[in-house]
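Okay, structure first, notes after.
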Amino acid sequence: MEKTIEQNTYVLQEDENLGTVKIADDVVAMIAGLAATEVEGVAAMAGNITNDLMSKMGVKNLAKGVKVEVFGKRVKAELALIVEYGHNIPAVSQRVQERVKSTIENMTGLEVSDVDIRIAGVNMQKDK
């Protein structure tokens with residue numbers, strides 16, 4: 001039996017004839033996290049100890065390292081990243097900001113006002 005976690009949901013579209021389309025803030029965070037990890041130079045999203053323990057147990061949280069706040073139709077996103085060693089941190093951060101903004105706006109129709117990046121670490125391991 002799954003435990004239901006209360007989520008904030010936001011109305012994306014309302015139509016008297018068809019109904020309402022809502023989106024949970026966790027979904028917006030998941031979109032942001034997936035978009036960020038697609039950028040070259042991003043090793044992973046940084047999470048807290050709970051997220052790290054959950055991922056070791058096989059439970060994946062795709063919104064790990066992402067916090068979103070939705071105000072009306074505007075979104076503010078905060079992401080914590082681990083960057084690959086050797087990549088230019090400001091350039092990677094800018095590409096992440098652009099990718100996250102465009103992906104959220106294209107998928108949800110919400111307007112992204114801010115994408116704040118926090119570099120939580122550098123991955124020093126070499127890929128084989």
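Please note that chains go A, B, ... in the order of the structure tokens, that every chain numbers its residues from 1, and that ligands are numbered from 1 in the order shown.
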
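Every protein, DNA or RNA residue with an atom at most 12 Å from Glu38 in chain A, where only C-alpha atoms count and chain neighbours fewer than 3 positions away do not, is listed here: Ile31, Ala32, Gly33, Leu34, Ala35, Gly41, Val42, Ala43, Ala44, Met45, Val92, Arg95, Val96, Gln97, Glu98, Arg99, Val100 and Thr103 of chain A.
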
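You can rank A:Lys22, A:His87, A:Lys101, A:Arg74 by their closest distance to Met124 in chain A using only C-alpha atoms, and at the top of that list sits A:His87.
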
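Computed from the coordinates, the CA of Tyr10 in chain A to CA of Gly47 in chain A distance equals 24.6 Å.
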
Could you give me, as a PyMOL selection string, each residue of chain A that DSSP assigns to strand (DSSP E or B) when run on this structure's backbone?
-> chain A and resi 9-15+19-24+42-45+66-71+74-84+111-123

Generate a file of the selected residues that holds N, CA and C atoms, formatted as a short mmCIF file (atom, residue, chain, number, x, y, z; two decimals), in the first residue's frame.
data_model
loop_
_atom_site.label_atom_id
_atom_site.label_comp_id
_atom_site.auth_asym_id
_atom_site.auth_seq_id
_atom_site.Cartn_x
_atom_site.Cartn_y
_atom_site.Cartn_z
N THR A 9 -0.76 21.42 -5.68
CA THR A 9 -1.10 21.31 -7.10
C THR A 9 -1.54 22.67 -7.60
N TYR A 10 -1.32 22.89 -8.89
CA TYR A 10 -1.61 24.17 -9.50
C TYR A 10 -2.42 23.95 -10.76
N VAL A 11 -3.38 24.82 -10.98
CA VAL A 11 -4.24 24.72 -12.16
C VAL A 11 -3.50 25.27 -13.36
N LEU A 12 -3.33 24.42 -14.38
CA LEU A 12 -2.70 24.85 -15.63
C LEU A 12 -3.74 25.34 -16.63
N GLN A 13 -4.91 24.68 -16.62
CA GLN A 13 -5.92 24.99 -17.62
C GLN A 13 -7.29 24.64 -17.05
N GLU A 14 -8.25 25.51 -17.29
CA GLU A 14 -9.61 25.25 -16.87
C GLU A 14 -10.54 25.46 -18.05
N ASP A 15 -11.42 24.50 -18.24
CA ASP A 15 -12.38 24.58 -19.32
C ASP A 15 -13.71 24.06 -18.77
N GLY A 19 -13.09 20.26 -18.25
CA GLY A 19 -12.58 20.04 -16.90
C GLY A 19 -11.33 20.84 -16.63
N THR A 20 -10.57 20.40 -15.64
CA THR A 20 -9.40 21.14 -15.17
C THR A 20 -8.14 20.30 -15.31
N VAL A 21 -7.05 20.95 -15.69
CA VAL A 21 -5.74 20.30 -15.73
C VAL A 21 -4.91 20.90 -14.60
N LYS A 22 -4.44 20.02 -13.70
CA LYS A 22 -3.62 20.45 -12.57
C LYS A 22 -2.27 19.76 -12.65
N ILE A 23 -1.27 20.40 -12.05
CA ILE A 23 0.07 19.80 -11.99
C ILE A 23 0.60 19.95 -10.57
N ALA A 24 1.25 18.91 -10.08
CA ALA A 24 1.83 18.94 -8.74
C ALA A 24 3.20 19.59 -8.80
N VAL A 42 27.14 18.12 -16.10
CA VAL A 42 26.43 17.86 -14.86
C VAL A 42 26.59 16.37 -14.54
N ALA A 43 27.25 16.08 -13.41
CA ALA A 43 27.46 14.69 -13.02
C ALA A 43 26.20 14.12 -12.39
N ALA A 44 25.55 14.92 -11.54
CA ALA A 44 24.35 14.45 -10.83
C ALA A 44 23.69 15.62 -10.13
N MET A 45 22.52 15.36 -9.63
CA MET A 45 21.84 16.32 -8.76
C MET A 45 22.29 16.00 -7.34
N VAL A 66 16.26 19.50 -6.12
CA VAL A 66 15.46 20.55 -6.77
C VAL A 66 14.38 21.03 -5.82
N LYS A 67 14.25 22.34 -5.75
CA LYS A 67 13.16 22.94 -4.99
C LYS A 67 12.45 23.90 -5.93
N VAL A 68 11.14 23.78 -6.03
CA VAL A 68 10.38 24.73 -6.87
C VAL A 68 9.31 25.41 -6.04
N GLU A 69 9.07 26.64 -6.37
CA GLU A 69 7.98 27.41 -5.77
C GLU A 69 7.16 27.95 -6.92
N VAL A 70 5.84 27.74 -6.85
CA VAL A 70 4.95 28.22 -7.89
C VAL A 70 4.05 29.29 -7.29
N PHE A 71 4.06 30.46 -7.91
CA PHE A 71 3.23 31.58 -7.49
C PHE A 71 2.34 31.95 -8.67
N ARG A 74 3.80 31.58 -12.23
CA ARG A 74 5.25 31.79 -12.26
C ARG A 74 5.95 30.76 -11.38
N VAL A 75 7.11 30.33 -11.86
CA VAL A 75 7.89 29.31 -11.16
C VAL A 75 9.27 29.85 -10.81
N LYS A 76 9.71 29.56 -9.60
CA LYS A 76 11.08 29.82 -9.19
C LYS A 76 11.68 28.47 -8.85
N ALA A 77 12.81 28.13 -9.47
CA ALA A 77 13.45 26.83 -9.24
C ALA A 77 14.83 27.03 -8.64
N GLU A 78 15.18 26.16 -7.71
CA GLU A 78 16.51 26.14 -7.12
C GLU A 78 17.06 24.73 -7.29
N LEU A 79 18.25 24.61 -7.88
CA LEU A 79 18.85 23.31 -8.14
C LEU A 79 20.22 23.22 -7.51
N ALA A 80 20.53 22.07 -6.93
CA ALA A 80 21.85 21.79 -6.37
C ALA A 80 22.51 20.75 -7.27
N LEU A 81 23.65 21.11 -7.85
CA LEU A 81 24.31 20.26 -8.84
C LEU A 81 25.67 19.76 -8.37
N ILE A 82 26.04 18.61 -8.90
CA ILE A 82 27.42 18.12 -8.81
C ILE A 82 27.95 18.17 -10.23
N VAL A 83 29.03 18.91 -10.43
CA VAL A 83 29.59 19.15 -11.76
C VAL A 83 30.78 18.22 -12.00
N GLU A 84 30.93 17.78 -13.24
CA GLU A 84 32.08 16.97 -13.63
C GLU A 84 33.35 17.82 -13.56
N GLU A 111 5.41 30.20 -16.51
CA GLU A 111 6.54 31.09 -16.79
C GLU A 111 7.58 30.93 -15.69
N VAL A 112 8.83 30.70 -16.09
CA VAL A 112 9.92 30.54 -15.13
C VAL A 112 10.58 31.89 -14.92
N SER A 113 10.53 32.38 -13.68
CA SER A 113 11.10 33.69 -13.37
C SER A 113 12.56 33.58 -12.96
N ASP A 114 12.92 32.52 -12.23
CA ASP A 114 14.28 32.36 -11.72
C ASP A 114 14.67 30.89 -11.76
N VAL A 115 15.94 30.64 -12.10
CA VAL A 115 16.54 29.31 -11.94
C VAL A 115 17.86 29.54 -11.22
N ASP A 116 17.85 29.30 -9.92
CA ASP A 116 19.04 29.50 -9.10
C ASP A 116 19.81 28.19 -9.01
N ILE A 117 21.13 28.28 -9.19
CA ILE A 117 22.00 27.11 -9.19
C ILE A 117 22.94 27.18 -7.99
N ARG A 118 23.07 26.06 -7.29
CA ARG A 118 24.05 25.92 -6.22
C ARG A 118 24.94 24.75 -6.58
N ILE A 119 26.24 24.99 -6.67
CA ILE A 119 27.19 23.91 -6.95
C ILE A 119 27.51 23.25 -5.61
N ALA A 120 27.07 21.99 -5.46
CA ALA A 120 27.23 21.28 -4.20
C ALA A 120 28.47 20.41 -4.19
N GLY A 121 29.10 20.23 -5.36
CA GLY A 121 30.29 19.40 -5.40
C GLY A 121 30.83 19.25 -6.80
N VAL A 122 31.99 18.63 -6.86
CA VAL A 122 32.65 18.34 -8.14
C VAL A 122 32.95 16.85 -8.15
N ASN A 123 32.55 16.17 -9.22
CA ASN A 123 32.82 14.75 -9.37
C ASN A 123 34.23 14.58 -9.88
#

As an MDAnalysis selection string, which residues of chain A does DSSP assign to alpha helix (DSSP H)?
-> chainID A and resid 25:37 49:56 89:108

Can I get the selected residues back with N, CA and C atoms, as a short mmCIF file (atom, residue, chain, number, x, y, z; two decimals), in the first residue's frame?
data_model
loop_
_atom_site.label_atom_id
_atom_site.label_comp_id
_atom_site.auth_asym_id
_atom_site.auth_seq_id
_atom_site.Cartn_x
_atom_site.Cartn_y
_atom_site.Cartn_z
N ASP A 25 3.58 20.25 -7.72
CA ASP A 25 4.89 20.90 -7.69
C ASP A 25 6.02 19.89 -7.81
N ASP A 26 5.80 18.66 -7.34
CA ASP A 26 6.82 17.61 -7.48
C ASP A 26 7.07 17.28 -8.95
N VAL A 27 6.04 17.38 -9.77
CA VAL A 27 6.20 17.11 -11.20
C VAL A 27 7.06 18.21 -11.85
N VAL A 28 6.82 19.45 -11.46
CA VAL A 28 7.64 20.55 -11.98
C VAL A 28 9.09 20.37 -11.54
N ALA A 29 9.30 19.94 -10.31
CA ALA A 29 10.65 19.69 -9.81
C ALA A 29 11.31 18.54 -10.57
N MET A 30 10.54 17.49 -10.87
CA MET A 30 11.07 16.36 -11.62
C MET A 30 11.49 16.80 -13.04
N ILE A 31 10.67 17.62 -13.67
CA ILE A 31 11.00 18.13 -15.00
C ILE A 31 12.30 18.91 -14.94
N ALA A 32 12.45 19.76 -13.92
CA ALA A 32 13.67 20.56 -13.77
C ALA A 32 14.89 19.67 -13.56
N GLY A 33 14.76 18.66 -12.72
CA GLY A 33 15.88 17.76 -12.44
C GLY A 33 16.31 16.98 -13.66
N LEU A 34 15.34 16.46 -14.41
CA LEU A 34 15.68 15.71 -15.63
C LEU A 34 16.34 16.61 -16.67
N ALA A 35 15.83 17.83 -16.82
CA ALA A 35 16.40 18.77 -17.78
C ALA A 35 17.85 19.11 -17.40
N ALA A 36 18.10 19.30 -16.13
CA ALA A 36 19.45 19.66 -15.68
C ALA A 36 20.44 18.54 -15.92
N THR A 37 20.03 17.29 -15.70
CA THR A 37 20.97 16.18 -15.86
C THR A 37 21.28 15.88 -17.32
N ILE A 49 20.67 13.94 2.90
CA ILE A 49 20.99 12.60 3.39
C ILE A 49 19.81 11.65 3.19
N THR A 50 18.59 12.13 3.35
CA THR A 50 17.41 11.28 3.16
C THR A 50 17.34 10.79 1.72
N ASN A 51 17.55 11.69 0.76
CA ASN A 51 17.53 11.30 -0.65
C ASN A 51 18.61 10.28 -0.95
N ASP A 52 19.80 10.48 -0.38
CA ASP A 52 20.90 9.56 -0.62
C ASP A 52 20.60 8.17 -0.06
N LEU A 53 20.03 8.13 1.13
CA LEU A 53 19.68 6.84 1.73
C LEU A 53 18.58 6.15 0.93
N MET A 54 17.60 6.90 0.48
CA MET A 54 16.50 6.32 -0.29
C MET A 54 17.01 5.76 -1.61
N SER A 55 17.95 6.46 -2.26
CA SER A 55 18.46 5.98 -3.55
C SER A 55 19.28 4.71 -3.36
N LYS A 56 19.95 4.56 -2.23
CA LYS A 56 20.70 3.34 -1.96
C LYS A 56 19.77 2.15 -1.73
N ILE A 89 32.41 25.84 -14.66
CA ILE A 89 31.22 25.88 -13.80
C ILE A 89 30.24 26.98 -14.22
N PRO A 90 30.67 28.22 -14.48
CA PRO A 90 29.70 29.23 -14.92
C PRO A 90 29.00 28.86 -16.24
N ALA A 91 29.74 28.27 -17.17
CA ALA A 91 29.14 27.88 -18.46
C ALA A 91 28.14 26.75 -18.29
N VAL A 92 28.49 25.75 -17.48
CA VAL A 92 27.56 24.64 -17.22
C VAL A 92 26.31 25.17 -16.52
N SER A 93 26.50 26.05 -15.55
CA SER A 93 25.37 26.61 -14.81
C SER A 93 24.43 27.38 -15.73
N GLN A 94 24.99 28.16 -16.64
CA GLN A 94 24.16 28.93 -17.58
C GLN A 94 23.38 27.99 -18.50
N ARG A 95 24.03 26.93 -18.98
CA ARG A 95 23.32 25.97 -19.85
C ARG A 95 22.20 25.28 -19.08
N VAL A 96 22.45 24.96 -17.81
CA VAL A 96 21.41 24.34 -16.98
C VAL A 96 20.24 25.31 -16.80
N GLN A 97 20.54 26.57 -16.50
CA GLN A 97 19.48 27.56 -16.33
C GLN A 97 18.62 27.67 -17.59
N GLU A 98 19.27 27.75 -18.74
CA GLU A 98 18.53 27.86 -20.00
C GLU A 98 17.69 26.61 -20.27
N ARG A 99 18.28 25.43 -20.06
CA ARG A 99 17.58 24.17 -20.34
C ARG A 99 16.39 24.00 -19.41
N VAL A 100 16.58 24.27 -18.13
CA VAL A 100 15.51 24.11 -17.15
C VAL A 100 14.36 25.08 -17.46
N LYS A 101 14.71 26.32 -17.73
CA LYS A 101 13.69 27.34 -18.04
C LYS A 101 12.88 26.93 -19.26
N SER A 102 13.55 26.59 -20.35
CA SER A 102 12.82 26.27 -21.58
C SER A 102 12.01 24.98 -21.43
N THR A 103 12.54 23.98 -20.74
CA THR A 103 11.83 22.72 -20.59
C THR A 103 10.57 22.89 -19.74
N ILE A 104 10.67 23.57 -18.62
CA ILE A 104 9.49 23.79 -17.78
C ILE A 104 8.44 24.59 -18.54
N GLU A 105 8.87 25.66 -19.21
CA GLU A 105 7.91 26.49 -19.93
C GLU A 105 7.25 25.73 -21.07
N ASN A 106 8.01 24.93 -21.81
CA ASN A 106 7.44 24.17 -22.93
C ASN A 106 6.49 23.07 -22.46
N MET A 107 6.84 22.40 -21.38
CA MET A 107 6.02 21.27 -20.93
C MET A 107 4.79 21.68 -20.13
N THR A 108 4.88 22.79 -19.38
CA THR A 108 3.78 23.15 -18.48
C THR A 108 3.02 24.40 -18.88
#
